[in-house]
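Next comes data_18.csv, with CSV, C-alpha atoms.
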chain,number,residue,atom,x,y,z
U,12,MET,CA,0.0,0.0,0.0
U,13,LEU,CA,2.8,2.4,0.9
U,14,SER,CA,4.6,1.7,-2.4
U,15,LYS,CA,1.4,2.3,-4.3
U,16,GLY,CA,0.9,5.5,-2.4
U,17,ALA,CA,4.5,6.6,-3.2
U,18,LEU,CA,4.0,5.9,-6.9
U,19,ILE,CA,0.9,8.1,-6.8
U,20,ASN,CA,2.8,10.8,-5.0
U,21,SER,CA,5.6,10.7,-7.6
U,22,LEU,CA,3.1,11.0,-10.5
U,23,ILE,CA,1.7,14.1,-8.8
U,24,PHE,CA,5.0,15.8,-8.3
U,25,LEU,CA,6.7,15.1,-11.6
U,26,PRO,CA,4.5,17.5,-13.6
U,27,LEU,CA,5.6,20.2,-11.2
U,28,VAL,CA,9.2,19.5,-12.3
U,29,GLY,CA,8.2,20.2,-15.9
U,30,HIS,CA,6.4,23.4,-14.9
U,31,SER,CA,9.5,24.6,-13.0
U,32,VAL,CA,11.6,24.2,-16.1
U,33,LEU,CA,9.1,26.1,-18.2
U,34,LEU,CA,8.3,28.9,-15.8
U,35,LEU,CA,11.4,29.6,-13.7
U,36,PRO,CA,14.8,31.0,-14.7
U,37,SER,CA,17.7,28.4,-14.8
U,38,MET,CA,19.0,29.2,-11.3
U,39,TRP,CA,15.6,29.1,-9.7
U,40,THR,CA,14.8,25.9,-11.5
U,41,TYR,CA,17.4,24.1,-9.4
U,42,VAL,CA,15.9,25.7,-6.2
U,43,GLY,CA,12.4,24.7,-7.2
U,44,ASN,CA,13.4,21.1,-7.8
U,45,VAL,CA,15.1,20.9,-4.5
U,46,ALA,CA,11.9,22.2,-2.9
U,47,ILE,CA,9.9,19.5,-4.8
U,48,ILE,CA,12.2,16.8,-3.4
U,49,LEU,CA,11.7,18.2,0.1
U,50,VAL,CA,7.9,18.3,-0.4
U,51,TYR,CA,8.0,14.7,-1.7
U,52,ILE,CA,9.9,13.6,1.4
U,53,ILE,CA,7.3,15.3,3.6
U,54,ALA,CA,4.6,13.5,1.5
U,55,LEU,CA,6.2,10.2,2.5
U,56,ARG,CA,5.7,11.2,6.2
U,57,TRP,CA,9.4,11.0,6.9
U,58,ASP,CA,9.3,7.2,6.6
U,59,TRP,CA,13.0,6.7,6.0
U,60,ARG,CA,12.7,3.2,4.8
U,61,LEU,CA,10.2,4.3,2.2
U,62,ILE,CA,12.3,7.4,1.4
U,63,TRP,CA,15.5,5.3,0.7
U,64,ALA,CA,13.4,3.0,-1.4
U,65,GLN,CA,11.5,5.6,-3.5
U,66,LEU,CA,13.7,8.7,-3.5
U,67,PRO,CA,16.3,7.5,-6.1
U,68,GLY,CA,13.6,6.5,-8.6
U,69,PHE,CA,11.8,9.8,-8.0
U,70,ILE,CA,15.0,11.8,-8.5
U,71,ALA,CA,15.8,9.8,-11.7
U,72,GLY,CA,12.3,10.6,-13.0
U,73,GLN,CA,12.8,14.2,-12.0
U,74,VAL,CA,16.0,14.4,-13.9
U,75,PHE,CA,14.5,12.7,-17.0
U,76,VAL,CA,11.5,15.1,-17.0
U,77,ALA,CA,13.6,18.2,-16.4
U,78,THR,CA,16.1,17.2,-19.2
U,79,PHE,CA,13.3,16.4,-21.7
U,80,ILE,CA,11.4,19.6,-21.0
U,81,GLN,CA,14.6,21.6,-21.1
U,82,MET,CA,15.5,20.1,-24.5
U,83,ALA,CA,12.0,21.0,-25.7
U,84,VAL,CA,12.4,24.6,-24.3
U,85,ASN,CA,15.8,25.0,-25.9
U,86,GLU,CA,14.5,23.8,-29.3
U,87,GLU,CA,11.6,26.2,-29.1
U,88,ARG,CA,13.9,29.1,-28.1
U,89,ALA,CA,16.2,28.2,-31.0
U,90,ARG,CA,13.3,28.2,-33.4
U,91,PHE,CA,12.1,31.6,-32.1
U,92,LYS,CA,15.7,32.9,-32.5
U,93,VAL,CA,16.0,31.6,-36.0
U,94,GLU,CA,12.6,33.1,-36.9
U,95,ASP,CA,13.7,36.4,-35.3
U,96,LEU,CA,17.0,36.4,-37.2
U,97,ALA,CA,15.1,35.6,-40.4
U,98,ARG,CA,12.8,38.6,-39.7
U,99,GLN,CA,15.8,40.8,-39.0
U,100,LEU,CA,17.5,39.7,-42.2
U,101,THR,CA,14.4,40.3,-44.2
U,102,GLU,CA,14.1,43.8,-42.7
U,103,ALA,CA,17.8,44.5,-43.3
U,104,ASN,CA,17.5,43.3,-46.9
U,105,TYR,CA,14.5,45.6,-47.4
U,106,HIS,CA,16.4,48.6,-46.0
U,107,LEU,CA,19.5,47.7,-48.0
U,108,THR,CA,17.4,47.5,-51.2
U,109,ALA,CA,15.8,50.9,-50.4
U,110,TYR,CA,19.3,52.4,-49.7
U,111,ALA,CA,20.6,51.0,-52.9
U,112,ASN,CA,17.7,52.5,-54.8
U,113,GLN,CA,18.4,55.9,-53.1
U,114,VAL,CA,22.1,55.7,-54.0
U,115,GLU,CA,21.2,54.8,-57.6
U,116,GLU,CA,18.7,57.7,-57.8
U,117,LEU,CA,21.2,60.2,-56.2
U,118,THR,CA,23.9,59.0,-58.6
U,119,LEU,CA,21.7,59.5,-61.6
U,120,ILE,CA,20.7,63.0,-60.4
U,121,LYS,CA,24.4,63.9,-59.8
U,122,GLU,CA,25.3,62.6,-63.2
U,123,ARG,CA,22.5,64.5,-64.9
U,124,ASN,CA,23.6,67.7,-63.0
U,125,ARG,CA,27.2,67.1,-64.1
U,126,LEU,CA,26.2,66.7,-67.8
U,127,ALA,CA,23.9,69.7,-67.5
U,128,ARG,CA,26.9,71.8,-66.2
U,129,GLU,CA,29.1,70.5,-69.0
U,130,ILE,CA,26.5,71.3,-71.7
U,131,HIS,CA,25.8,74.8,-70.4
U,132,ASP,CA,29.3,75.8,-69.6
U,133,GLY,CA,30.8,74.2,-72.7
U,134,LEU,CA,28.3,74.1,-75.6
U,135,GLY,CA,26.3,77.1,-74.3
U,136,HIS,CA,29.4,79.3,-74.2
U,137,TYR,CA,30.5,78.2,-77.7
U,138,LEU,CA,27.0,78.8,-79.2
U,139,THR,CA,26.9,82.3,-77.6
U,140,THR,CA,30.3,83.2,-78.9
U,141,ILE,CA,29.6,81.8,-82.4
U,142,ASN,CA,26.3,83.8,-82.5
U,143,MET,CA,28.3,86.9,-81.6
U,144,GLN,CA,30.8,86.3,-84.5
U,145,ILE,CA,27.9,85.8,-87.0
U,146,GLN,CA,26.2,89.0,-85.8
U,147,ALA,CA,29.4,90.9,-86.1
U,148,ALA,CA,29.9,89.5,-89.6
U,149,SER,CA,26.4,90.5,-90.6
U,150,SER,CA,26.9,94.0,-89.3
U,151,VAL,CA,30.0,94.7,-91.4
U,152,LEU,CA,29.3,92.5,-94.4
U,153,ALA,CA,28.2,95.3,-96.7
U,154,LYS,CA,31.0,97.7,-95.7
U,155,ASP,CA,33.9,95.4,-95.1
U,156,PRO,CA,33.6,91.9,-96.6
U,157,GLN,CA,37.1,90.9,-95.6
U,158,LYS,CA,36.4,91.7,-91.9
U,159,ALA,CA,33.1,89.8,-92.2
U,160,GLU,CA,35.0,86.8,-93.6
U,161,ASN,CA,37.4,87.0,-90.6
U,162,PHE,CA,34.4,86.9,-88.2
U,163,LEU,CA,32.9,83.9,-90.0
U,164,SER,CA,36.3,82.2,-90.0
U,165,LYS,CA,36.4,82.5,-86.2
U,166,ALA,CA,32.9,81.2,-86.0
U,167,SER,CA,34.0,78.2,-88.0
U,168,VAL,CA,36.9,77.5,-85.7
U,169,LEU,CA,34.7,77.8,-82.6
U,170,THR,CA,32.2,75.4,-84.2
U,171,LYS,CA,34.9,72.8,-84.5
U,172,GLU,CA,35.9,73.4,-80.9
U,173,ALA,CA,32.3,73.1,-79.8
U,174,ILE,CA,32.0,69.7,-81.4
U,175,ALA,CA,35.1,68.5,-79.7
U,176,ASP,CA,33.7,69.9,-76.3
U,177,VAL,CA,30.4,68.0,-76.9
U,178,ARG,CA,32.3,64.8,-77.5
U,179,GLN,CA,34.3,65.2,-74.3
U,180,SER,CA,31.1,65.8,-72.4
U,181,VAL,CA,29.4,62.7,-73.9
U,182,ASP,CA,32.5,60.7,-73.0
U,183,ALA,CA,32.3,62.0,-69.4
U,184,LEU,CA,35.8,63.4,-69.6
U,185,ARG,CA,37.1,66.4,-67.6
U,186,VAL,CA,39.9,67.2,-70.0
U,187,LEU,CA,40.1,70.5,-71.6
U,188,PRO,CA,41.4,71.1,-75.2
U,189,ASP,CA,45.1,71.4,-75.4
U,190,ASP,CA,45.9,69.3,-72.4
U,191,GLY,CA,49.1,70.3,-70.8
U,192,VAL,CA,48.9,73.9,-71.8
U,193,PRO,CA,49.0,76.3,-68.8
U,194,ILE,CA,45.7,77.7,-67.7
U,195,GLU,CA,46.9,81.3,-68.4
U,196,LYS,CA,47.4,80.5,-72.1
U,197,ARG,CA,44.0,78.7,-72.2
U,198,ILE,CA,42.4,81.8,-70.8
U,199,THR,CA,44.2,84.0,-73.4
U,200,LYS,CA,43.0,81.8,-76.2
U,201,LEU,CA,39.5,82.0,-74.8
U,202,ILE,CA,39.6,85.8,-74.7
U,203,ASP,CA,40.6,85.9,-78.4
U,204,ALA,CA,37.3,84.3,-79.2
U,205,PHE,CA,35.4,87.4,-78.0
U,206,THR,CA,35.2,90.2,-80.6
U,207,TRP,CA,35.3,93.2,-78.2
U,208,GLU,CA,36.8,96.2,-80.0
U,209,ASP,CA,35.3,98.5,-77.3
U,210,LYS,CA,36.6,96.6,-74.3
U,211,LYS,CA,40.1,96.4,-72.9
U,212,ILE,CA,40.9,93.0,-71.4
U,213,THR,CA,43.9,92.5,-69.2
U,214,ILE,CA,45.2,89.4,-67.5
U,215,SER,CA,47.3,89.5,-64.3
U,216,VAL,CA,49.0,86.7,-62.5
U,217,PHE,CA,50.2,87.1,-58.9
U,218,GLY,CA,52.5,84.6,-57.2
U,219,GLN,CA,54.3,81.7,-58.8
U,220,ALA,CA,52.1,79.8,-61.2
U,221,ARG,CA,52.0,76.1,-60.5
U,222,PRO,CA,50.3,73.0,-62.0
U,223,LEU,CA,46.7,72.5,-60.9
U,224,SER,CA,44.5,69.4,-60.9
U,225,ALA,CA,42.5,68.7,-64.0
U,226,GLN,CA,39.2,69.4,-62.2
U,227,ALA,CA,40.5,72.7,-60.8
U,228,GLU,CA,41.6,73.8,-64.2
U,229,VAL,CA,38.3,72.9,-65.7
U,230,THR,CA,36.5,74.9,-63.0
U,231,LEU,CA,38.7,78.0,-63.5
U,232,TYR,CA,38.3,77.7,-67.3
U,233,ARG,CA,34.5,77.4,-67.0
U,234,ALA,CA,34.5,80.4,-64.6
U,235,VAL,CA,36.2,82.6,-67.2
U,236,GLN,CA,33.8,81.4,-69.9
U,237,GLU,CA,30.8,82.2,-67.7
U,238,GLY,CA,32.2,85.6,-66.6
U,239,LEU,CA,32.9,86.8,-70.1
U,240,THR,CA,29.6,85.5,-71.4
U,241,ASN,CA,27.7,87.3,-68.7
U,242,ILE,CA,29.7,90.5,-69.5
U,243,GLU,CA,28.6,90.2,-73.1
U,244,LYS,CA,25.0,89.6,-72.2
U,245,HIS,CA,24.5,91.9,-69.3
U,246,ALA,CA,27.3,94.5,-69.4
U,247,SER,CA,27.7,95.5,-73.0
U,248,ASP,CA,28.6,99.0,-71.8
U,249,ALA,CA,31.7,97.8,-70.0
U,250,THR,CA,35.0,99.2,-71.3
U,251,GLU,CA,37.5,97.4,-69.1
U,252,VAL,CA,37.7,93.8,-68.0
U,253,THR,CA,40.4,92.5,-65.7
U,254,ILE,CA,41.1,88.8,-65.1
U,255,THR,CA,43.3,88.0,-62.1
U,256,LEU,CA,44.9,84.7,-61.1
U,257,ASN,CA,46.3,84.7,-57.6
U,258,TYR,CA,48.8,81.9,-56.6
U,259,ARG,CA,50.2,83.7,-53.5
U,260,ASP,CA,48.5,81.5,-51.0
U,261,PRO,CA,50.1,78.0,-51.2
U,262,GLY,CA,46.9,76.3,-50.2
U,263,PHE,CA,44.5,78.1,-52.6
U,264,VAL,CA,44.2,79.5,-56.1
U,265,GLN,CA,42.0,82.5,-56.7
U,266,LEU,CA,40.4,83.8,-59.9
U,267,ILE,CA,38.7,87.2,-60.1
U,268,ILE,CA,36.9,88.6,-63.1
U,269,HIS,CA,36.0,92.3,-62.8
U,270,ASP,CA,34.3,94.7,-65.2
U,271,ASN,CA,33.1,98.2,-65.0
U,272,GLY,CA,29.7,97.6,-66.7
U,273,SER,CA,26.3,98.3,-65.3
U,274,HIS,CA,24.8,94.8,-65.4
U,275,ARG,CA,21.3,96.3,-65.5
U,276,ASN,CA,19.7,93.2,-67.0
U,277,MET,CA,21.3,90.7,-64.6
U,278,ARG,CA,19.5,89.2,-61.6
U,279,LYS,CA,22.0,88.1,-59.1
U,280,GLY,CA,22.2,84.3,-58.5
U,281,THR,CA,19.4,83.3,-60.9
U,282,GLY,CA,21.4,82.1,-63.9
U,283,PHE,CA,22.1,78.4,-64.4
U,284,GLY,CA,25.7,79.3,-65.2
U,285,LEU,CA,26.3,80.7,-61.7
U,286,ILE,CA,24.6,77.8,-60.1
U,287,SER,CA,26.8,75.5,-62.1
U,288,LEU,CA,29.9,77.3,-61.0
U,289,LEU,CA,28.8,77.2,-57.4
U,290,GLU,CA,28.4,73.4,-57.7
U,291,ARG,CA,31.8,73.0,-59.3
U,292,ALA,CA,33.5,75.1,-56.6
U,293,GLY,CA,31.6,73.2,-53.9
U,294,ILE,CA,32.7,69.8,-55.2
U,295,LEU,CA,36.3,71.0,-54.8
U,296,GLY,CA,35.7,72.5,-51.4
U,297,GLY,CA,36.0,76.0,-52.7
U,298,ASN,CA,33.6,79.0,-52.8
U,299,LEU,CA,32.1,81.5,-55.3
U,300,ASN,CA,31.2,85.1,-54.7
U,301,VAL,CA,29.5,87.5,-57.2
U,302,ALA,CA,29.1,91.2,-56.4
U,303,THR,CA,27.5,93.9,-58.4
U,304,SER,CA,27.7,97.6,-57.3
U,305,PRO,CA,26.1,100.5,-59.1
U,306,GLY,CA,28.9,102.6,-60.7
U,307,GLU,CA,31.6,100.1,-59.7
U,308,GLY,CA,30.8,97.2,-62.1
U,309,SER,CA,30.7,93.5,-61.2
U,310,SER,CA,33.1,91.0,-59.8
U,311,LEU,CA,33.1,87.2,-60.0
U,312,GLU,CA,35.5,85.6,-57.5
U,313,ILE,CA,36.2,81.9,-57.2
U,314,THR,CA,38.6,80.3,-54.7
U,315,ILE,CA,39.7,76.7,-54.9
U,316,PRO,CA,41.8,74.8,-52.4
U,317,GLU,CA,44.7,72.6,-53.7

Kindly return the structure encoded in the file as structure tokens.
Amino acid sequence: MLSKGALINSLIFLPLVGHSVLLLPSMWTYVGNVAIILVYIIALRWDWRLIWAQLPGFIAGQVFVATFIQMAVNEERARFKVEDLARQLTEANYHLTAYANQVEELTLIKERNRLAREIHDGLGHYLTTINMQIQAASSVLAKDPQKAENFLSKASVLTKEAIADVRQSVDALRVLPDDGVPIEKRITKLIDAFTWEDKKITISVFGQARPLSAQAEVTLYRAVQEGLTNIEKHASDATEVTITLNYRDPGFVQLIIHDNGSHRNMRKGTGFGLISLLERAGILGGNLNVATSPGEGSSLEITIPE
């Protein structure tokens, strides 16, 4: 009878072992199972003969149940962890895809802006200058055919240069014509393309001229193009234009274009050309300043670090 009663008692207590594994932290599981053993001993009414006979079997059953339940719990936790990792991976892939799409979109926008700058600063300048040459030829054709022919000859040369510039833009190159020629000579050649009999243009170089990066030279070259084109468009009354290259600071190169025109038709900062120059300077870590004062003309100043 006692053995049967002990068996019934063990069947009652063993489920508590499983619940202790499920509900209690690992340290408290051990404490809980020791408490279960003590309660089991009390349930045997301190009958030491019965205790020594039944307790080993009860402990063995207790260990079996605890181990089995713990394995099931570990498996369940591992499954949850795998599911959580899979969820995190899916979320990370989603964010990565979104980030890649943003990078691609920003790259396309940047490339479009770059090509827009090249088209405006290159082809736009050439077309403006060619138009000036044709208008000059038309105005003197009847009186001086030879002079008109000279203007048209210049326009033809500029047309060829424009075609070369377009090819370079399409090929996404940053190289200017006459690679290896000092920027001062390139600026001089650029000035020659403008037919300004009523304007005196001077170039001054301060400090020791030194080689610049290709991107820096492109930016300075485009700045001169933009400055001279704006003078032609908005300051036709200007009589003096000065272009200054300053190398005196070893960490920077500075370009200043100043004229004494009125610039009545120019709205500061609204032209795409100035926006393009500002972007070019910003890419190199430099800055651009444009100032127009009544009676004092206009200045375009660009500073680029080396």

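The space between CA of Pro193 in chain U and CA of Arg233 in chain U spans 14.7 Å.
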
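Every protein, DNA or RNA residue with an atom at most 7 Å from Thr230 in chain U, where only C-alpha atoms count and chain neighbours fewer than 4 positions away do not, is listed here: Gln226, Ala234 and Arg291 of chain U.
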
Open item on the list: I'd like the neighbourhood of range 235-246 of chain U as a ChimeraX atom specification, where a residue qualifies if any of its atoms comes within 9 Å (using all atoms listed in the file), though same-chain residues fewer than 4 positions away should be ignored.
Closed with: /U:132-133,136,139-140,198,201-202,205,207,230-231,252,254,266-277,284-285,288,308-311

- [ ] State, in Å with one decimal place, the distance from CA of Pro261 in chain U to CA of Gly297 in chain U.
- [x] 14.3 Å

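For the pair CA of Ile214 in chain U and CA of Leu256 in chain U, the separation is 7.9 Å.
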